[in-house]
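Dumped start_16.csv below, it's CSV, C-alpha atoms and all ligand atoms:
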chain,number,residue,atom,x,y,z
Y,19,MET,CA,-3.4,15.5,-17.8
Y,20,ARG,CA,-6.8,16.9,-16.7
Y,21,VAL,CA,-7.5,17.5,-13.0
Y,22,VAL,CA,-11.0,17.2,-11.8
Y,23,THR,CA,-12.7,17.4,-8.4
Y,24,THR,CA,-15.6,15.0,-8.7
Y,25,LEU,CA,-15.9,11.3,-9.5
Y,26,ALA,CA,-18.8,11.9,-11.9
Y,27,GLU,CA,-16.7,14.3,-14.0
Y,28,ALA,CA,-13.9,11.8,-14.1
Y,29,ARG,CA,-16.2,8.9,-15.0
Y,30,GLU,CA,-17.8,10.9,-17.8
Y,31,SER,CA,-14.6,12.0,-19.4
Y,32,VAL,CA,-12.7,8.7,-19.8
Y,33,VAL,CA,-13.2,6.1,-22.5
Y,34,GLY,CA,-12.0,2.6,-23.3
Y,35,LEU,CA,-10.3,0.3,-20.8
Y,36,VAL,CA,-9.8,2.5,-17.7
Y,37,GLY,CA,-7.2,1.8,-15.1
Y,38,LEU,CA,-7.5,3.3,-11.6
Y,39,VAL,CA,-4.6,4.1,-9.3
Y,40,PRO,CA,-5.9,5.3,-5.8
Y,41,THR,CA,-3.3,7.2,-3.7
Y,42,MET,CA,-2.9,9.5,-0.8
Y,43,GLY,CA,-0.3,11.6,-2.6
Y,44,PHE,CA,3.3,12.7,-1.9
Y,45,PHE,CA,4.4,10.4,-4.6
Y,46,HIS,CA,7.4,8.2,-4.7
Y,47,GLU,CA,8.6,5.5,-7.1
Y,48,GLY,CA,6.1,3.0,-5.6
Y,49,HIS,CA,3.1,5.1,-6.6
Y,50,LEU,CA,4.7,6.0,-10.0
Y,51,SER,CA,5.3,2.3,-10.8
Y,52,LEU,CA,1.5,1.7,-10.5
Y,53,MET,CA,0.7,4.6,-12.7
Y,54,GLU,CA,3.3,3.5,-15.4
Y,55,ARG,CA,1.9,0.0,-15.3
Y,56,SER,CA,-1.7,1.2,-15.7
Y,57,ALA,CA,-0.7,3.6,-18.5
Y,58,ALA,CA,1.0,0.7,-20.3
Y,59,GLU,CA,-1.9,-1.7,-19.9
Y,60,CYS,CA,-5.0,0.5,-20.2
Y,61,ASP,CA,-6.4,3.0,-22.7
Y,62,GLN,CA,-6.7,5.6,-20.0
Y,63,THR,CA,-5.4,6.0,-16.5
Y,64,VAL,CA,-7.2,7.7,-13.7
Y,65,ALA,CA,-5.4,8.4,-10.4
Y,66,THR,CA,-7.0,9.7,-7.3
Y,67,LEU,CA,-5.3,11.9,-4.7
Y,68,TYR,CA,-7.2,11.8,-1.5
Y,69,VAL,CA,-5.9,11.6,2.1
Y,70,ASN,CA,-8.7,9.6,3.5
Y,71,PRO,CA,-9.5,10.6,7.0
Y,72,LEU,CA,-11.5,7.5,7.7
Y,73,GLN,CA,-8.4,5.4,7.6
Y,74,PHE,CA,-6.3,7.4,10.1
Y,75,ASP,CA,-6.7,6.1,13.6
Y,76,ASP,CA,-4.3,8.7,14.9
Y,77,PRO,CA,-5.2,12.4,14.3
Y,78,SER,CA,-1.6,13.6,14.6
Y,79,ASP,CA,-0.6,11.1,11.8
Y,80,LEU,CA,-3.3,12.7,9.5
Y,81,ASP,CA,-2.2,16.3,10.5
Y,82,ARG,CA,1.4,15.8,9.4
Y,83,TYR,CA,0.9,13.5,6.5
Y,84,PRO,CA,3.2,14.9,3.8
Y,85,ALA,CA,1.6,16.8,0.9
Y,86,ASP,CA,2.8,18.6,-2.2
Y,87,ARG,CA,0.0,18.9,-4.8
Y,88,GLU,CA,2.0,20.7,-7.5
Y,89,ARG,CA,4.8,18.2,-7.3
Y,90,ASP,CA,2.4,15.2,-7.4
Y,91,LEU,CA,0.5,16.5,-10.5
Y,92,ARG,CA,3.8,17.0,-12.3
Y,93,LEU,CA,5.1,13.5,-11.5
Y,94,ALA,CA,1.8,11.8,-12.3
Y,95,GLU,CA,1.5,13.6,-15.7
Y,96,ALA,CA,5.0,12.5,-16.6
Y,97,ARG,CA,4.1,8.9,-15.8
Y,98,GLY,CA,1.1,8.8,-18.2
Y,99,VAL,CA,-1.8,9.6,-16.0
Y,100,ASP,CA,-4.6,11.0,-18.1
Y,101,LEU,CA,-6.9,12.2,-15.4
Y,102,MET,CA,-6.2,13.1,-11.7
Y,103,VAL,CA,-9.1,13.2,-9.4
Y,104,VAL,CA,-8.5,15.5,-6.4
Y,105,PRO,CA,-11.9,15.3,-4.6
Y,106,GLY,CA,-13.2,18.5,-3.1
Y,107,PRO,CA,-14.1,18.6,0.6
Y,108,ASP,CA,-17.6,17.1,0.4
Y,109,GLU,CA,-17.2,14.9,-2.7
Y,110,MET,CA,-16.2,11.6,-1.1
Y,111,PHE,CA,-18.4,11.4,1.9
Y,112,ARG,CA,-21.2,13.2,3.6
Y,113,ARG,CA,-19.8,13.8,7.0
Y,114,PRO,CA,-19.9,11.6,8.9
Y,115,PRO,CA,-20.8,8.8,6.4
Y,116,LEU,CA,-23.5,6.5,7.8
Y,117,THR,CA,-22.5,3.6,5.6
Y,118,GLY,CA,-19.3,1.7,6.0
Y,119,VAL,CA,-17.7,-1.4,4.5
Y,120,ALA,CA,-15.9,-3.8,6.7
Y,121,VAL,CA,-14.3,-7.1,5.6
Y,122,ALA,CA,-14.5,-9.7,8.4
Y,123,GLY,CA,-11.3,-11.6,9.2
Y,124,ILE,CA,-8.9,-9.9,6.7
Y,125,GLY,CA,-9.8,-6.5,8.0
Y,126,GLU,CA,-9.8,-7.4,11.7
Y,127,ARG,CA,-6.3,-8.7,12.2
Y,128,LEU,CA,-2.8,-7.1,12.2
Y,129,GLU,CA,-3.3,-3.6,10.8
Y,130,GLY,CA,-7.0,-3.8,11.8
Y,131,GLU,CA,-5.9,-4.7,15.4
Y,132,PHE,CA,-3.1,-2.1,15.7
Y,133,ARG,CA,-5.0,0.7,13.9
Y,134,PRO,CA,-8.6,0.4,15.0
Y,135,GLY,CA,-10.9,1.5,12.1
Y,136,HIS,CA,-8.1,1.7,9.6
Y,137,MET,CA,-9.0,-1.3,7.4
Y,138,ALA,CA,-12.7,-0.4,7.4
Y,139,GLY,CA,-11.7,3.1,6.4
Y,140,VAL,CA,-9.7,1.7,3.5
Y,141,ALA,CA,-12.6,-0.7,2.5
Y,142,THR,CA,-15.1,2.1,2.5
Y,143,VAL,CA,-13.0,4.5,0.4
Y,144,VAL,CA,-12.1,1.9,-2.1
Y,145,THR,CA,-15.7,0.9,-2.5
Y,146,ARG,CA,-16.6,4.6,-3.0
Y,147,LEU,CA,-14.0,4.9,-5.7
Y,148,LEU,CA,-14.9,1.7,-7.5
Y,149,ALA,CA,-18.6,2.6,-7.4
Y,150,GLY,CA,-18.0,6.2,-8.5
Y,151,LEU,CA,-15.3,5.6,-11.2
Y,152,GLN,CA,-16.2,2.2,-12.5
Y,153,PRO,CA,-12.7,1.3,-13.8
Y,154,ALA,CA,-12.0,-2.0,-15.6
Y,155,ARG,CA,-8.7,-2.4,-13.6
Y,156,ALA,CA,-7.5,-1.1,-10.3
Y,157,TYR,CA,-3.8,-1.1,-9.4
Y,158,PHE,CA,-2.5,-1.6,-5.8
Y,159,GLY,CA,1.0,-2.1,-4.4
Y,160,ARG,CA,2.1,-5.2,-2.6
Y,161,LYS,CA,3.7,-2.9,-0.1
Y,162,ASP,CA,0.3,-3.0,1.6
Y,163,ALA,CA,-0.2,-6.7,1.5
Y,164,GLN,CA,-3.2,-6.8,3.8
Y,165,GLN,CA,-4.8,-3.9,1.9
Y,166,LEU,CA,-4.4,-5.8,-1.3
Y,167,ALA,CA,-6.0,-9.0,0.2
Y,168,LEU,CA,-8.8,-6.9,1.6
Y,169,VAL,CA,-9.6,-5.1,-1.7
Y,170,ALA,CA,-9.4,-8.4,-3.7
Y,171,ARG,CA,-11.9,-9.9,-1.3
Y,172,LEU,CA,-14.3,-7.0,-1.2
Y,173,VAL,CA,-14.4,-6.9,-5.0
Y,174,ARG,CA,-15.3,-10.5,-5.0
Y,175,ASP,CA,-17.9,-10.3,-2.3
Y,176,LEU,CA,-19.6,-7.2,-3.6
Y,177,GLY,CA,-19.2,-8.2,-7.3
Y,178,PHE,CA,-17.5,-5.1,-8.7
Y,179,PRO,CA,-16.6,-5.8,-12.3
Y,180,VAL,CA,-13.0,-4.8,-11.9
Y,181,GLU,CA,-9.7,-6.7,-12.1
Y,182,VAL,CA,-7.5,-6.0,-9.1
Y,183,VAL,CA,-3.8,-5.9,-10.1
Y,184,GLY,CA,-1.2,-6.4,-7.4
Y,185,CYS,CA,2.1,-4.6,-8.3
Y,186,PRO,CA,5.7,-5.2,-6.9
Y,187,LEU,CA,6.8,-3.6,-3.7
Y,188,VAL,CA,9.5,-0.9,-4.4
Y,189,ARG,CA,12.3,-0.4,-2.0
Y,190,GLU,CA,14.8,2.4,-1.5
Y,191,ALA,CA,18.4,1.6,-2.4
Y,192,ASP,CA,19.2,0.6,1.2
Y,193,GLY,CA,16.2,-1.7,1.4
Y,194,LEU,CA,13.7,0.4,3.3
Y,195,ALA,CA,10.2,0.0,1.7
Y,196,LEU,CA,9.2,3.2,0.1
Y,197,SER,CA,6.6,5.1,1.9
Y,198,SER,CA,5.6,8.8,1.9
Y,199,ARG,CA,6.1,8.6,5.7
Y,200,ASN,CA,9.8,7.9,5.2
Y,201,VAL,CA,10.5,11.6,5.0
Y,202,LEU,CA,9.3,11.9,8.6
Y,203,LEU,CA,11.8,9.3,9.9
Y,204,GLY,CA,14.7,11.8,10.2
Y,205,ALA,CA,17.3,10.4,12.7
Y,206,GLY,CA,15.1,7.4,13.3
Y,207,ARG,CA,15.9,6.1,9.8
Y,208,ALA,CA,18.9,4.0,10.8
Y,209,GLU,CA,16.9,2.1,13.3
Y,210,ALA,CA,13.9,1.9,11.0
Y,211,LEU,CA,16.1,0.0,8.5
Y,212,SER,CA,16.1,-2.9,11.0
Y,213,LEU,CA,12.6,-3.9,9.7
Y,214,SER,CA,13.6,-4.5,6.1
Y,215,ARG,CA,16.9,-6.0,7.3
Y,216,GLY,CA,14.9,-8.5,9.5
Y,217,LEU,CA,12.6,-9.3,6.6
Y,218,MET,CA,15.6,-9.9,4.2
Y,219,LEU,CA,17.1,-12.3,6.8
Y,220,ALA,CA,13.8,-14.2,6.8
Y,221,ALA,CA,13.9,-14.2,3.0
Y,222,ASP,CA,17.4,-15.6,3.1
Y,223,ARG,CA,16.2,-18.4,5.4
Y,224,PHE,CA,13.2,-19.1,3.1
Y,225,ASP,CA,15.6,-19.2,0.1
Y,226,GLY,CA,17.7,-21.7,2.1
Y,227,GLY,CA,14.7,-24.0,2.6
Y,228,GLU,CA,13.2,-22.9,5.9
Y,229,ARG,CA,9.4,-23.1,5.8
Y,230,ARG,CA,8.4,-22.9,9.5
Y,231,ALA,CA,6.6,-19.7,10.4
Y,232,SER,CA,8.2,-19.6,13.9
Y,233,GLU,CA,11.7,-19.6,12.4
Y,234,LEU,CA,10.9,-17.0,9.7
Y,235,GLU,CA,9.2,-14.7,12.2
Y,236,ALA,CA,12.2,-15.2,14.6
Y,237,ALA,CA,14.5,-13.9,11.9
Y,238,VAL,CA,12.6,-10.6,11.9
Y,239,ARG,CA,12.5,-10.4,15.7
Y,240,SER,CA,16.3,-11.0,15.8
Y,241,ALA,CA,16.9,-7.7,13.8
Y,242,VAL,CA,14.2,-5.3,15.2
Y,243,PRO,CA,14.3,-3.9,18.7
Y,244,ASP,CA,11.6,-5.5,20.9
Y,245,GLN,CA,10.1,-2.2,21.9
Y,246,ALA,CA,9.7,-1.1,18.2
Y,247,LEU,CA,8.2,-4.3,16.7
Y,248,GLU,CA,4.4,-4.5,16.7
Y,249,TYR,CA,4.0,-7.8,14.8
Y,250,ALA,CA,5.9,-10.1,12.5
Y,251,GLU,CA,3.6,-12.8,11.2
Y,252,LEU,CA,3.5,-15.3,8.4
Y,253,CYS,CA,0.0,-15.2,6.8
Y,254,ASP,CA,-1.9,-16.8,4.0
Y,255,ALA,CA,-1.7,-14.0,1.3
Y,256,ALA,CA,-5.4,-14.2,0.4
Y,257,THR,CA,-7.1,-14.6,3.8
Y,258,MET,CA,-4.3,-13.1,6.0
Y,259,ASP,CA,-5.0,-16.0,8.4
Y,260,ARG,CA,-1.9,-17.0,10.3
Y,261,ALA,CA,0.1,-19.7,8.4
Y,262,GLY,CA,2.1,-22.3,10.3
Y,263,THR,CA,4.4,-23.0,7.3
Y,264,ALA,CA,5.3,-21.1,4.2
Y,265,ALA,CA,3.7,-23.8,2.0
Y,266,GLY,CA,1.3,-22.1,-0.4
Y,267,GLU,CA,1.0,-18.4,-1.2
Y,268,THR,CA,2.1,-16.8,2.0
Y,269,VAL,CA,3.4,-13.4,3.0
Y,270,LEU,CA,5.5,-12.5,6.0
Y,271,VAL,CA,4.1,-9.1,7.2
Y,272,ALA,CA,5.7,-6.9,9.8
Y,273,ALA,CA,5.0,-3.5,11.4
Y,274,ALA,CA,7.1,-1.4,13.7
Y,275,ARG,CA,7.1,2.0,15.3
Y,276,PHE,CA,10.3,4.2,15.3
Y,277,GLY,CA,9.7,7.3,17.4
Y,278,SER,CA,6.4,8.7,16.2
Y,279,VAL,CA,6.6,7.0,12.7
Y,280,ARG,CA,5.0,3.7,12.1
Y,281,ILE,CA,6.1,1.6,9.1
Y,282,ILE,CA,5.0,-1.7,7.6
Y,283,ASP,CA,6.8,-4.0,5.2
Y,284,ASN,CA,6.6,-7.6,4.0
Y,285,VAL,CA,8.2,-10.3,1.9
Y,286,ARG,CA,6.1,-12.7,-0.2
Y,287,MET,CA,6.9,-16.4,0.2
Y,288,VAL,CA,5.3,-18.5,-2.5
Y,289,GLY,CA,5.8,-22.1,-3.3
Y,290,ALA,CA,6.7,-25.1,-1.1
Y,291,HIS,CA,9.0,-26.5,-3.8
Y,292,HIS,CA,12.7,-26.6,-3.3
Y,293,GLY,CA,14.3,-23.7,-5.0
Y,294,ALA,CA,11.4,-21.3,-4.4
Y,295,ARG,CA,12.7,-17.8,-3.8
Y,296,ALA,CA,11.2,-15.1,-1.6
Y,297,ASP,CA,9.8,-12.1,-3.4
Y,298,ARG,CA,11.6,-9.1,-1.9
Y,299,GLY,CA,10.2,-6.6,-4.4
Y,300,VAL,CA,12.4,-4.3,-6.4
Y,301,ARG,CA,15.1,-2.0,-5.2
Y,302,LEU,CA,16.0,1.4,-6.6
Y,303,ASP,CA,19.6,1.9,-7.6
Y,304,HIS,CA,19.5,5.7,-6.8
Y,305,ALA,CA,18.1,8.0,-4.2
Y,306,SER,CA,14.3,8.2,-4.2
Y,307,LEU,CA,12.6,11.3,-5.5
Y,308,LEU,CA,11.1,11.5,-2.1
Y,309,TYR,CA,14.2,13.4,-1.1
Y,310,GLY,CA,14.1,15.9,-3.9
Y,311,SER,CA,16.0,14.1,-6.6
Y,312,GLU,CA,13.3,14.4,-9.3
C,1,LIG,P1,-0.7,5.4,-0.4
C,1,LIG,O1,-0.6,6.7,-1.1
C,1,LIG,O2,0.3,5.1,0.6
C,1,LIG,O3,-2.1,5.1,0.0
C,1,LIG,O4,-0.4,4.3,-1.6
C,1,LIG,C1,-1.1,4.3,-2.8
C,1,LIG,C2,-0.8,3.0,-3.5
C,1,LIG,O5,0.6,2.9,-3.7
C,1,LIG,C3,-1.2,1.8,-2.7
C,1,LIG,O6,-1.7,0.8,-3.7
C,1,LIG,C4,0.1,1.3,-2.2
C,1,LIG,O7,0.1,-0.1,-1.9
C,1,LIG,C5,1.0,1.7,-3.3
C,1,LIG,N1,2.4,1.8,-2.7
C,1,LIG,C6,2.8,2.6,-1.7
C,1,LIG,N2,4.1,2.4,-1.4
C,1,LIG,C7,4.5,1.4,-2.3
C,1,LIG,C8,5.8,0.8,-2.5
C,1,LIG,N3,6.8,1.0,-1.8
C,1,LIG,N4,5.8,-0.1,-3.5
C,1,LIG,C9,4.7,-0.4,-4.3
C,1,LIG,N5,3.5,0.2,-4.1
C,1,LIG,C10,3.4,1.1,-3.1

Represent the structure from my file as structure tokens, please.
Amino acid sequence: MRVVTTLAEARESVVGLVGLVPTMGFFHEGHLSLMERSAAECDQTVATLYVNPLQFDDPSDLDRYPADRERDLRLAEARGVDLMVVPGPDEMFRRPPLTGVAVAGIGERLEGEFRPGHMAGVATVVTRLLAGLQPARAYFGRKDAQQLALVARLVRDLGFPVEVVGCPLVREADGLALSSRNVLLGAGRAEALSLSRGLMLAADRFDGGERRASELEAAVRSAVPDQALEYAELCDAATMDRAGTAAGETVLVAAARFGSVRIIDNVRMVGAHHGARADRGVRLDHASLLYGSE
């Protein structure tokens, strides 16, 4: 695996059908599943490791975002990444960038509301990566359901010739959605599990035939302490507009704050037909390598 610091170097040194996996590092099985998928489906896989300051609304969150470059490079190489782009300080943006990308609607609700500037920061950095690297495919996790909807829409609106591939959400063995921030939970972890537990209750209700948003959302609220929950909302998976019933392609998204750590999670609920099953993602059957079990 080659490591480069500029997008131009990366673009010029790859050939064939190129898959892109954008990340902020401190890899876990969620990130690695995107890399493996791209490596299996594309001629070459480019991953990027860039902790994008534009998408952090809280400076303390950016300061303590976990990082371990050597570990990340080792893990990515073993998953078939051909080229890792670790942009140097001035590579991504002239500071401050004067141009930004904002996606109306999708980018303004939920995460956009609770983390001002976050979704525009994501849209801007993804646009920069797609323009600079020109991949044929770009892989994103369904863990960040709103991000995936936003990227799919911006690619359509701006006409980037790239296929956006949504990949399954990966959970820890106890159900907690994998996130690099999980290592910061500490003693708050037991309480944080209430979020995935609430979503699994909602998934059980969906599997049992419940389609009303109010009931599905109430299942999440029944499990998560009021003071922790920021939102639990059933949305159209493409527009992220509020959905009254889980009739078409919907996703029940939720966010909560446990101590100083904020986590997000979701369950996809697709299909009005009887017998439809909620998509809970995939669960590890072992401890995550986040905790040193490489
Ligand atoms: P991040 O480094 O958190 O910006 O994430 C980089 C990519 O990995 C994004 O496309 C995320 O959606 C994806 N990702 C993060 N956590 C998970 C997870 N638990 N399951 C699947 N994909 C994930």

Could you report the residues within 10 Å of ligand LIG 1 (chain C), using only C-alpha atoms and all ligand atoms, as an NGL selection string?
:Y and (39-53 or 65-70 or 73 or 140 or 156-166 or 183-190 or 194-199 or 282-283 or 299-301)

Report, in Å to a single decimal, how far apart atom CA of Y:Met258 and atom CA of Y:Glu228 are.
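According to the coordinates, atom CA of Y:Glu228 and atom CA of Y:Met258 are separated by 20.1 Å.
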
Here is a test: counting only C-alpha atoms, which residue of Y:Ala256, Y:Ala250, Y:Ala272, Y:Asp192 is nearest to Y:Asp303?
Y:Asp192

From the set Y:Arg29, Y:Arg89, Y:Arg275, Y:His136, which residue has the shortest atom-to-atom contact distance to Y:Gly150, counting all atoms listed in the file?
Y:Arg29

Of the listed residues Y:Gly123, Y:Gly98, Y:Gly34, Y:Gly130, that which approaches Y:Ala57 most closely, counting all atoms listed in the file
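Closest to Y:Ala57, using all atoms listed in the file: Y:Gly98.
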
Atom CA of Y:Ala274 sits from atom CA of Y:Ala246 at a separation of 5.2 Å

Could you give me, as a PyMOL selection string, the residues within 10 Å of Y:Tyr249, counting all atoms listed in the file and dropping anything in the same chain fewer than 6 positions from it?
chain Y and resi 128-129+132+235+238-239+271-274+282

Can you tell me which residues surround Y:Gly216 at a distance of at most 7 Å, considering all atoms listed in the file, apart from same-chain residues fewer than 3 positions away, and format the answer as an MDAnalysis selection string?
chainID Y and resid 212:213 219:220 237:242
